[in-house]
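For reference, my_file.cif (mmCIF, C-alpha atoms):
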```
data_start
loop_
_atom_site.label_atom_id
_atom_site.label_comp_id
_atom_site.auth_asym_id
_atom_site.auth_seq_id
_atom_site.Cartn_x
_atom_site.Cartn_y
_atom_site.Cartn_z
CA MET K 205 -18.32 1.63 -30.78
CA ARG K 206 -16.35 -0.12 -28.08
CA ARG K 207 -18.07 -0.39 -24.74
CA ARG K 208 -16.14 1.21 -21.93
CA PRO K 209 -15.19 -1.07 -19.06
CA PRO K 210 -17.14 -0.52 -15.82
CA LYS K 211 -15.72 2.35 -13.80
CA PHE K 212 -15.83 0.59 -10.44
CA SER K 213 -14.83 -2.86 -9.44
CA ARG K 214 -17.43 -5.22 -8.00
CA SER K 215 -15.99 -4.94 -4.51
CA LYS K 216 -16.19 -1.14 -4.64
CA LEU K 217 -19.80 -1.33 -5.78
CA LEU K 218 -20.56 -3.71 -2.91
CA ILE K 219 -18.87 -1.40 -0.41
CA ASN K 220 -20.72 1.64 -1.73
CA HIS K 221 -24.02 -0.22 -1.71
CA ALA K 222 -23.47 -1.44 1.83
CA LEU K 223 -22.79 2.08 3.04
CA THR K 224 -25.47 3.97 1.15
CA SER K 225 -28.35 1.53 1.53
CA HIS K 226 -30.34 2.22 4.67
CA PRO K 227 -30.96 -0.41 7.30
CA ARG K 228 -34.45 -1.89 7.39
CA LYS K 229 -37.10 0.26 8.97
CA SER K 230 -37.49 -2.03 11.95
CA GLU K 231 -33.75 -1.77 12.67
CA VAL K 232 -33.93 2.02 12.67
CA GLU K 233 -36.92 1.89 14.99
CA THR K 234 -35.18 -0.37 17.48
CA GLN K 235 -32.10 1.81 17.38
CA ILE K 236 -33.71 5.21 17.91
CA PRO K 237 -37.37 4.74 18.82
CA HIS K 238 -37.76 8.28 20.13
CA ILE K 239 -37.37 9.70 16.60
CA ARG K 240 -40.51 7.86 15.57
CA HIS K 241 -42.45 8.65 18.75
CA PRO K 242 -41.15 11.91 20.16
CA GLU K 243 -42.74 12.90 23.45
CA ALA K 244 -45.23 15.75 23.17
CA GLY K 245 -43.43 19.10 23.08
CA GLN K 246 -39.99 17.47 22.97
CA LYS K 247 -37.57 17.83 20.10
CA PRO K 248 -36.32 14.61 18.54
CA ASP K 249 -32.82 13.73 19.70
CA LEU K 250 -30.38 13.34 16.80
CA GLU K 251 -28.33 10.47 18.10
CA PHE K 252 -25.26 9.41 16.16
CA THR K 253 -25.70 5.94 14.68
CA PRO K 254 -22.35 4.66 13.45
CA LYS K 255 -21.97 3.09 10.04
CA ILE K 256 -19.57 0.19 10.35
CA LEU K 257 -18.53 -1.90 7.39
CA ALA K 258 -17.76 -5.52 8.20
CA LEU K 259 -15.64 -7.37 5.66
CA VAL K 260 -16.16 -10.99 6.63
CA CYS K 261 -15.23 -14.49 5.58
CA THR K 262 -18.16 -16.59 4.35
CA TYR K 263 -17.02 -19.74 6.13
CA CYS K 264 -16.61 -18.40 9.64
CA THR K 265 -17.82 -14.96 10.58
CA TYR K 266 -20.66 -14.82 8.07
CA THR K 267 -22.00 -18.10 9.45
CA ALA K 268 -21.60 -16.76 13.00
CA ALA K 269 -23.49 -13.58 12.08
CA ASP K 270 -26.18 -15.67 10.41
CA MET K 271 -26.47 -17.80 13.53
CA ALA K 272 -26.70 -14.69 15.72
CA GLY K 273 -29.65 -13.61 13.59
CA SER K 274 -31.33 -17.05 13.72
CA ALA K 275 -30.91 -17.13 17.49
CA ARG K 276 -32.48 -13.64 17.74
CA MET K 277 -29.45 -12.24 19.53
CA GLN K 278 -29.69 -8.48 19.95
CA TYR K 279 -26.88 -6.24 18.78
CA PRO K 280 -26.66 -2.69 17.43
CA ALA K 281 -27.92 -2.21 13.88
CA THR K 282 -24.75 -0.36 12.96
CA VAL K 283 -22.99 -2.93 10.86
CA ARG K 284 -23.16 -3.59 7.11
CA ILE K 285 -21.69 -6.86 5.99
CA VAL K 286 -19.72 -7.54 2.82
CA LYS K 287 -19.10 -11.25 2.34
CA TYR K 288 -15.80 -12.48 0.94
CA LEU K 289 -14.91 -16.05 0.03
CA CYS K 290 -11.85 -15.66 2.24
CA THR K 291 -10.43 -12.75 4.21
CA GLY K 292 -7.25 -13.34 2.18
CA ARG K 293 -9.10 -11.68 -0.73
CA ILE K 294 -9.56 -8.43 1.18
CA ASP K 295 -7.39 -5.72 -0.25
CA ILE K 296 -6.12 -2.68 1.63
CA LEU K 297 -7.67 -0.64 -1.16
CA HIS K 298 -11.14 -2.01 -0.28
CA ILE K 299 -10.65 -0.79 3.28
CA LEU K 300 -9.46 2.68 2.24
CA LYS K 301 -12.30 2.99 -0.32
CA ALA K 302 -14.76 2.19 2.47
CA PHE K 303 -13.47 5.18 4.43
CA GLU K 304 -13.60 7.32 1.31
CA ALA K 305 -17.24 6.27 0.88
CA GLY K 306 -17.97 7.47 4.42
CA ALA K 307 -17.65 4.46 6.71
CA ASP K 308 -17.16 5.38 10.38
CA ALA K 309 -15.20 2.19 10.97
CA VAL K 310 -14.27 -1.02 9.24
CA MET K 311 -14.03 -4.38 10.92
CA VAL K 312 -12.38 -7.30 9.20
CA SER K 313 -13.33 -10.67 10.57
CA GLY K 314 -12.08 -14.07 9.55
CA CYS K 315 -11.43 -17.55 10.82
CA GLU K 316 -9.37 -18.29 13.89
CA ALA K 317 -5.66 -18.83 13.24
CA GLY K 318 -5.11 -22.32 11.84
CA SER K 319 -8.70 -22.89 10.68
CA CYS K 320 -8.72 -20.99 7.37
CA HIS K 321 -10.30 -23.00 4.55
CA PHE K 322 -7.53 -21.75 2.31
CA LEU K 323 -4.82 -22.45 4.90
CA GLU K 324 -3.40 -18.97 5.44
CA GLY K 325 -5.85 -16.42 4.04
CA ASN K 326 -6.67 -15.10 7.51
CA LEU K 327 -2.98 -14.69 8.35
CA ARG K 328 -2.45 -12.67 5.19
CA ALA K 329 -5.52 -10.59 6.04
CA ARG K 330 -4.03 -9.87 9.46
CA GLU K 331 -0.79 -8.60 7.88
CA ARG K 332 -2.77 -6.42 5.48
CA VAL K 333 -5.01 -5.05 8.21
CA GLU K 334 -1.96 -4.11 10.28
CA TYR K 335 -0.49 -2.27 7.29
CA ALA K 336 -3.83 -0.60 6.56
CA GLN K 337 -3.98 0.54 10.21
CA LYS K 338 -0.62 2.22 9.70
CA LEU K 339 -1.81 3.91 6.48
CA LEU K 340 -4.97 5.14 8.22
CA GLU K 341 -2.97 6.51 11.13
CA GLU K 342 -0.85 8.47 8.63
CA VAL K 343 -3.94 10.18 7.22
CA GLY K 344 -5.48 10.80 10.66
CA LEU K 345 -8.14 8.07 10.81
CA GLY K 346 -6.38 5.84 13.33
CA GLY K 347 -8.34 3.48 15.59
CA ARG K 348 -11.17 2.94 13.14
CA LEU K 349 -10.05 -0.41 11.79
CA LYS K 350 -9.86 -3.67 13.70
CA MET K 351 -9.45 -7.34 12.88
CA PHE K 352 -11.44 -10.04 14.68
CA GLU K 353 -11.28 -13.82 14.57
CA ILE K 354 -14.68 -15.38 14.95
CA ALA K 355 -15.36 -19.09 14.42
CA ALA K 356 -18.49 -20.27 12.62
CA SER K 357 -20.07 -21.51 15.85
CA ASP K 358 -19.23 -18.40 17.88
CA ALA K 359 -22.30 -16.17 17.41
CA PRO K 360 -21.96 -14.52 20.86
CA LYS K 361 -18.43 -13.43 19.91
CA TRP K 362 -19.80 -11.73 16.78
CA VAL K 363 -22.37 -9.90 18.92
CA GLU K 364 -19.60 -8.80 21.30
CA ALA K 365 -17.40 -7.69 18.40
CA VAL K 366 -20.16 -5.52 16.91
CA LYS K 367 -20.91 -4.03 20.32
CA GLU K 368 -17.21 -3.33 20.93
CA MET K 369 -16.78 -1.69 17.53
CA THR K 370 -19.94 0.40 18.01
CA GLU K 371 -18.74 1.63 21.39
CA ARG K 372 -15.34 2.42 19.94
CA VAL K 373 -16.84 4.46 17.09
CA LYS K 374 -19.23 6.27 19.42
CA ALA K 375 -16.22 7.31 21.48
CA LEU K 376 -14.29 8.41 18.38
CA GLY K 377 -17.25 10.18 16.77
CA PRO K 378 -18.35 9.99 13.14
CA ASN K 379 -15.90 9.78 10.26
CA PRO K 380 -14.85 13.46 9.94
CA LEU K 381 -14.91 13.12 6.17
CA ARG K 382 -18.61 12.15 6.15
CA GLN K 383 -19.45 14.96 8.53
CA LYS K 384 -17.87 17.46 6.17
CA TRP K 385 -19.84 16.17 3.18
CA GLU K 386 -23.06 16.25 5.16
CA LEU K 387 -22.44 19.84 6.18
CA LYS K 388 -21.49 20.79 2.61
CA GLY K 389 -24.71 19.35 1.23
CA ARG K 390 -26.92 21.58 3.39
CA ASN K 391 -27.93 25.17 3.00
CA PRO K 392 -27.32 27.73 5.81
CA GLU K 393 -30.89 27.51 7.18
CA GLN K 394 -30.63 23.75 7.47
CA LEU K 395 -27.30 24.10 9.27
CA GLU K 396 -28.80 26.64 11.66
CA ARG K 397 -31.72 24.34 12.40
CA MET K 398 -29.25 21.50 13.01
CA SER K 399 -27.23 23.54 15.46
CA GLN K 400 -30.40 24.61 17.32
CA SER K 401 -31.63 21.06 17.68
CA MET A 126 15.51 -5.89 -9.82
CA ILE A 127 15.54 -2.35 -8.48
CA ILE A 128 14.23 -2.11 -4.93
CA ALA A 129 12.51 1.00 -3.64
CA GLU A 130 10.64 2.06 -0.54
CA ARG A 131 7.71 4.42 -0.49
CA LYS A 132 8.46 7.85 0.89
CA PRO A 133 6.79 8.80 4.18
CA PHE A 134 3.23 9.93 3.54
CA ALA A 135 3.77 13.30 5.22
CA GLU A 136 6.59 14.07 2.77
CA ILE A 137 4.46 13.26 -0.30
CA LYS A 138 1.53 15.24 1.12
CA ALA A 139 3.74 18.30 1.65
CA MET A 140 5.07 18.03 -1.93
CA VAL A 141 1.63 18.05 -3.55
CA ALA A 142 0.11 20.61 -1.18
CA PRO A 143 0.28 23.60 -3.60
CA TYR A 144 -1.57 21.80 -6.42
CA LYS A 145 -5.22 21.17 -7.21
CA LYS A 146 -4.90 18.45 -9.82
CA ILE A 147 -2.14 15.85 -9.81
CA LEU A 148 -1.32 12.69 -11.67
CA ILE A 149 0.19 9.69 -9.90
CA VAL A 150 2.19 7.58 -12.32
CA GLY A 151 3.09 4.04 -11.30
CA CYS A 152 5.61 1.69 -12.87
CA GLY A 153 4.65 -1.91 -13.48
CA THR A 154 8.08 -3.52 -13.35
CA CYS A 155 10.64 -3.51 -10.49
CA VAL A 156 8.85 -1.22 -8.04
CA ALA A 157 5.60 -3.12 -8.59
CA VAL A 158 7.30 -6.37 -7.54
CA CYS A 159 8.77 -4.77 -4.41
CA LEU A 160 5.32 -3.36 -3.53
CA ALA A 161 6.42 0.27 -3.66
CA GLY A 162 5.11 1.78 -6.89
CA GLY A 163 2.87 -0.56 -8.88
CA GLU A 164 -0.76 -0.13 -9.84
CA LYS A 165 -1.98 -1.09 -6.38
CA GLU A 166 0.37 1.31 -4.61
CA VAL A 167 -0.79 4.10 -6.93
CA GLY A 168 -4.36 3.38 -5.81
CA LEU A 169 -3.35 3.32 -2.14
CA LEU A 170 -1.47 6.61 -2.35
CA ALA A 171 -4.36 8.27 -4.21
CA SER A 172 -6.83 7.01 -1.64
CA GLN A 173 -4.64 8.13 1.26
CA LEU A 174 -4.21 11.59 -0.25
CA LYS A 175 -7.95 11.93 -0.85
CA LEU A 176 -8.68 10.95 2.76
CA ALA A 177 -5.99 13.15 4.30
CA LEU A 178 -6.87 16.24 2.27
CA GLY A 179 -10.59 15.59 2.68
CA LEU A 180 -10.07 15.72 6.45
CA GLU A 181 -8.44 19.12 6.03
CA ASP A 182 -11.37 20.25 3.86
CA LYS A 183 -9.18 20.60 0.78
CA HIS A 184 -10.00 19.26 -2.62
CA LEU A 185 -7.41 17.50 -4.73
CA GLU A 186 -8.22 15.89 -8.03
CA ILE A 187 -6.07 12.83 -8.55
CA GLY A 188 -5.44 10.93 -11.77
CA GLU A 189 -3.97 7.45 -11.60
CA ILE A 190 -2.07 5.64 -14.31
CA THR A 191 0.50 2.87 -14.37
CA VAL A 192 2.79 2.20 -17.30
CA GLU A 193 4.67 -1.00 -17.93
CA ARG A 194 8.10 0.63 -17.50
CA GLN A 195 8.87 4.27 -16.86
CA CYS A 196 12.51 3.74 -17.87
CA ASP A 197 11.45 2.90 -21.42
CA LEU A 198 10.52 5.56 -23.97
CA GLU A 199 8.29 3.11 -25.80
CA PHE A 200 5.91 2.89 -22.83
CA LEU A 201 6.38 6.47 -21.67
CA ARG A 202 5.60 8.30 -24.90
CA PRO A 203 1.83 7.61 -24.87
CA LEU A 204 1.70 9.40 -21.48
CA CYS A 205 2.53 12.79 -23.05
CA ASP A 206 -1.04 13.65 -24.06
CA PHE A 207 -2.44 12.34 -20.82
CA VAL A 208 -0.20 14.49 -18.64
CA THR A 209 -1.23 17.86 -20.11
CA ASP A 210 -4.42 18.07 -18.01
CA TYR A 211 -2.55 17.92 -14.71
CA GLU A 212 -0.66 20.54 -12.70
CA ALA A 213 1.94 18.21 -11.24
CA ILE A 214 3.11 14.61 -11.40
CA VAL A 215 4.01 12.20 -8.61
CA SER A 216 6.03 9.31 -10.02
CA LEU A 217 6.31 6.07 -8.07
CA ALA A 218 9.08 4.73 -10.33
CA CYS A 219 12.74 4.38 -9.39
CA GLY A 220 15.00 7.42 -9.80
CA ALA A 221 15.68 6.52 -13.43
CA GLY A 222 11.98 6.46 -14.27
CA VAL A 223 11.31 9.77 -12.52
CA GLN A 224 14.08 11.53 -14.47
CA PHE A 225 13.04 10.00 -17.77
CA LEU A 226 9.44 11.08 -17.24
CA LYS A 227 10.61 14.60 -16.38
CA GLU A 228 12.63 14.79 -19.61
CA LEU A 229 9.46 13.99 -21.51
CA CYS A 230 7.09 16.22 -19.53
CA TYR A 231 9.55 19.07 -18.98
CA MET A 232 6.84 21.68 -18.34
CA LYS A 233 5.35 19.94 -15.30
CA PRO A 234 6.81 19.77 -11.80
CA ILE A 235 7.54 16.15 -10.93
CA PHE A 236 7.91 14.59 -7.48
CA PRO A 237 9.27 11.18 -6.54
CA GLY A 238 6.97 9.02 -4.46
CA VAL A 239 9.59 6.41 -3.57
CA ASN A 240 13.17 6.29 -2.34
CA THR A 241 15.17 4.06 -4.69
CA THR A 242 17.24 1.80 -2.48
CA PHE A 243 19.34 -0.80 -4.33
CA ILE A 244 19.55 -3.59 -6.90
CA GLY A 245 18.44 -6.69 -5.08
CA VAL A 246 16.47 -9.90 -4.99
CA ASN A 247 13.03 -10.93 -3.81
CA ASN A 248 13.71 -13.39 -0.95
CA ASP A 249 10.06 -13.72 -0.04
CA ALA A 250 6.93 -11.58 -0.15
CA GLY A 251 7.97 -8.20 1.21
CA TYR A 252 11.58 -9.23 1.96
CA TYR A 253 14.34 -7.91 -0.30
CA THR A 254 18.12 -7.93 0.00
CA GLU A 255 20.87 -6.21 -1.93
CA ARG A 256 23.05 -8.21 -4.31
CA CYS A 257 24.61 -5.81 -6.84
CA ARG A 258 26.08 -2.30 -6.84
CA ALA A 259 26.26 -2.00 -10.67
CA CYS A 260 30.03 -1.41 -10.38
CA HIS A 261 30.85 -1.90 -14.12
CA HIS A 262 33.18 -4.87 -13.53
CA CYS A 263 31.84 -8.26 -12.46
CA TYR A 264 34.06 -10.53 -10.32
CA LEU A 265 31.46 -13.23 -9.62
CA GLY A 266 33.30 -15.82 -11.75
CA LEU A 267 36.39 -15.45 -9.57
CA THR A 268 34.64 -15.24 -6.22
CA GLY A 269 32.40 -18.29 -6.15
CA GLY A 270 29.25 -16.39 -7.04
CA VAL A 271 29.42 -14.00 -4.08
CA CYS A 272 30.02 -10.34 -4.89
CA PRO A 273 32.82 -8.83 -2.76
CA VAL A 274 31.90 -5.31 -3.91
CA THR A 275 28.35 -5.58 -2.58
CA MET A 276 28.44 -8.20 0.15
CA CYS A 277 31.64 -6.96 1.85
CA PRO A 278 31.08 -3.58 3.53
CA LYS A 279 34.77 -2.76 2.95
CA ARG A 280 34.61 -3.86 -0.71
CA LEU A 281 37.81 -5.89 -0.41
CA LEU A 282 38.81 -7.69 -3.59
CA ASN A 283 41.70 -9.83 -2.28
CA GLY A 284 40.64 -11.73 0.79
CA PRO A 285 39.03 -10.93 4.14
CA CYS A 286 39.98 -8.02 6.36
CA GLY A 287 40.71 -10.33 9.31
CA GLY A 288 38.20 -8.62 11.56
CA MET A 289 35.47 -11.22 11.24
CA VAL A 290 34.44 -13.22 14.28
CA GLY A 291 33.23 -16.80 13.83
CA GLY A 292 32.43 -16.20 10.16
CA ARG A 293 30.45 -13.04 10.97
CA CYS A 294 31.20 -9.59 9.60
CA GLU A 295 32.81 -7.15 12.05
CA VAL A 296 30.89 -4.23 10.58
CA ASP A 297 27.52 -5.96 10.99
CA PRO A 298 27.67 -9.07 13.21
CA GLU A 299 24.19 -10.03 11.95
CA LYS A 300 25.64 -10.77 8.51
CA ASP A 301 28.00 -13.47 7.27
CA CYS A 302 31.49 -12.44 6.19
CA ALA A 303 31.41 -12.29 2.37
CA TRP A 304 34.98 -13.58 2.11
CA CYS A 305 34.16 -16.58 4.33
CA GLN A 306 31.34 -17.44 1.96
CA ILE A 307 33.63 -16.94 -1.05
CA TYR A 308 36.23 -19.30 0.50
CA HIS A 309 33.65 -21.99 1.30
CA ASN A 310 32.04 -21.76 -2.14
CA LEU A 311 35.38 -22.09 -3.93
CA GLU A 312 36.35 -24.96 -1.60
CA ARG A 313 33.14 -26.81 -2.51
CA GLU A 314 33.82 -26.15 -6.20
CA GLY A 315 37.44 -27.36 -5.81
CA ARG A 316 38.79 -24.08 -7.17
CA LEU A 317 40.63 -22.73 -4.12
CA GLU A 318 43.83 -22.08 -6.06
CA ILE A 319 41.98 -19.25 -7.83
CA LEU A 320 42.39 -17.19 -4.65
CA ARG A 321 46.16 -17.01 -5.25
CA GLN A 322 45.43 -14.69 -8.16
CA ILE A 323 45.77 -11.06 -7.07
CA LEU A 324 43.02 -8.86 -8.48
CA PRO A 325 44.03 -5.39 -9.69
CA MET A 326 42.43 -2.19 -8.42
CA HIS A 327 38.76 -1.88 -9.17
CA PRO A 328 38.35 0.28 -12.32
CA HIS A 329 36.81 3.22 -10.51
CA ASP A 330 37.41 5.44 -13.55
CA ARG A 331 34.68 3.52 -15.35
CA THR A 332 32.21 4.15 -12.55
CA THR A 333 32.19 7.91 -13.18
CA THR A 334 28.57 8.99 -13.46
CA PRO A 335 26.48 9.32 -15.53
CA GLY A 336 27.41 6.14 -17.36
CA THR A 337 26.48 5.34 -20.93
CA VAL A 338 26.38 1.98 -22.64
CA ILE A 339 25.96 1.58 -26.37
CA HIS A 340 25.47 -1.93 -27.64
CA PRO A 341 28.17 -2.90 -30.16
CA GLY A 342 25.49 -3.70 -32.72
CA TYR A 343 24.22 -0.12 -32.57
CA LYS A 344 27.50 1.83 -32.66
CA ARG A 345 26.97 2.94 -36.24
CA ARG A 346 23.43 4.17 -35.49
CA TYR A 347 24.63 6.39 -32.64
CA GLY A 348 27.81 7.52 -34.39
CA VAL A 349 30.17 5.93 -31.86
CA HIS A 350 33.54 4.68 -33.14
CA GLU A 351 36.17 2.78 -31.24
#
```

Representation of the structure as structure tokens:
Amino acid sequence: MRRRPPKFSRSKLLINHALTSHPRKSEVETQIPHIRHPEAGQKPDLEFTPKILALVCTYCTYTAADMAGSARMQYPATVRIVKYLCTGRIDILHILKAFEAGADAVMVSGCEAGSCHFLEGNLRARERVEYAQKLLEEVGLGGRLKMFEIAASDAPKWVEAVKEMTERVKALGPNPLRQKWELKGRNPEQLERMSQS
Amino acid sequence: MIIAERKPFAEIKAMVAPYKKILIVGCGTCVAVCLAGGEKEVGLLASQLKLALGLEDKHLEIGEITVERQCDLEFLRPLCDFVTDYEAIVSLACGAGVQFLKELCYMKPIFPGVNTTFIGVNNDAGYYTERCRACHHCYLGLTGGVCPVTMCPKRLLNGPCGGMVGGRCEVDPEKDCAWCQIYHNLEREGRLEILRQILPMHPHDRTTTPGTVIHPGYKRRYGVHE
């Protein structure tokens, strides 16, 4: 019998994994410590923690993010990174699939103009991101996609970018699509308990 | 190559609104090259529809398939069995492909996903310009390789209209005058005397639609006699 080809591409698997896998326990604790240690007699506060997918270039932004980690820089634990060999490889379909999988926002980050290892991959990514922004606006998910240019040595800029994106998503609220799934998955009592809390 | 542009998303969304299960059929030839209806565009449209309808709390099951050429029965026929499961079809092929698919799947409602624009060339990624109007009678040998029927907005066959300014067309000053280009091309080729020849009226009778062409080698097969 012939084996069927895999249903999902590798990039889609990566995107799904990045969105469904939970951040490390310590990251959750630093983000919302009061869930772990609620004050006596006080209900835990269900704060919205955005899920942001970062599609980054291995040469620049990934190195910057790595450096931010090595330097112990603090930034919100809201971002899941998918590493690409070049932002020129990022397809609009990857971005849309991320939103389908429930991402609250997607940030694409590559080299600064003129410093792409493959000459113009970042410029192509910029064109694609602009088109993807238009497609997302058409479906009603505008403002949730942004492109950054972060050089390998620019760890503080990465930290700022994550903070900016987190603030932006907190202002916009969660991806309405994800909210609907979450509500669908619960029974009426659970929903009632959610609304009370 | 046939150039097409994707229809506005709102229009496609309104067309498929009454259905629960649709099939998006792409075409892997001309419209794939002009980034309007190939495999990737099928994926993008499906993803956009899923997102947009998901936001409205509606469920739409979407099948995606791309055939090599929708204007060719050889590639289209295997689709017949596949189509039966779906309520409606959105075709991202040019107008010819959409109609051919409809002839085959005559029980299903079919919707075009692109606006077919013209026969043109691929200047660069994402940049296409018109070159041919498929007018049934080619003058390119007499006009230095520039088509007066397509490139001249007035479709003049015997010289310029006289309205051009500095070699630019009076209808669209952004564009070069086709007859200026024809003159310069023939001058470079050393064939200017060819312009003294007066061309007869364009055979508009042959452009009556729908046209049919039967290859001389196949006249017997299709019972056509001269």

(request) Name the residues captured by the PyMOL selection byres ((chain A) within 9 of (chain K)) when it is applied to the shown file; answer as a PyMOL selection string. (result) chain A and resi 133-135+165-166+168-169+172-182

(message) Which residues would end up in the selection if the PyMOL selection byres ((chain K and resi 373) around 12) were applied here, given that I need the answer as a VMD selection string?
(response) chain K and resid 252 to 257 282 to 283 307 to 311 345 to 350 366 to 372 374 to 380

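Comparing the minimum interatomic distances between Leu281 in chain A and each of A:Gly251, A:Ala139, A:Gly245, A:Ile323, counting all atoms listed in the file, we find that A:Ile323 sits nearest.
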
(request) Carefully work through the PyMOL selection byres ((chain A and resi 289-298) around 12) for this structure and note down the residues it includes, as a ChimeraX atom specification. (result) /A:276-280,284-288,299-309

(request) List every protein, DNA or RNA residue with an atom no more than 8 Å from (16.7, -6.3, -2.4) in the file's coordinates, counting only C-alpha atoms, and format the result as a PyMOL selection string. (result) chain A and resi 126-128+243-248+252-256
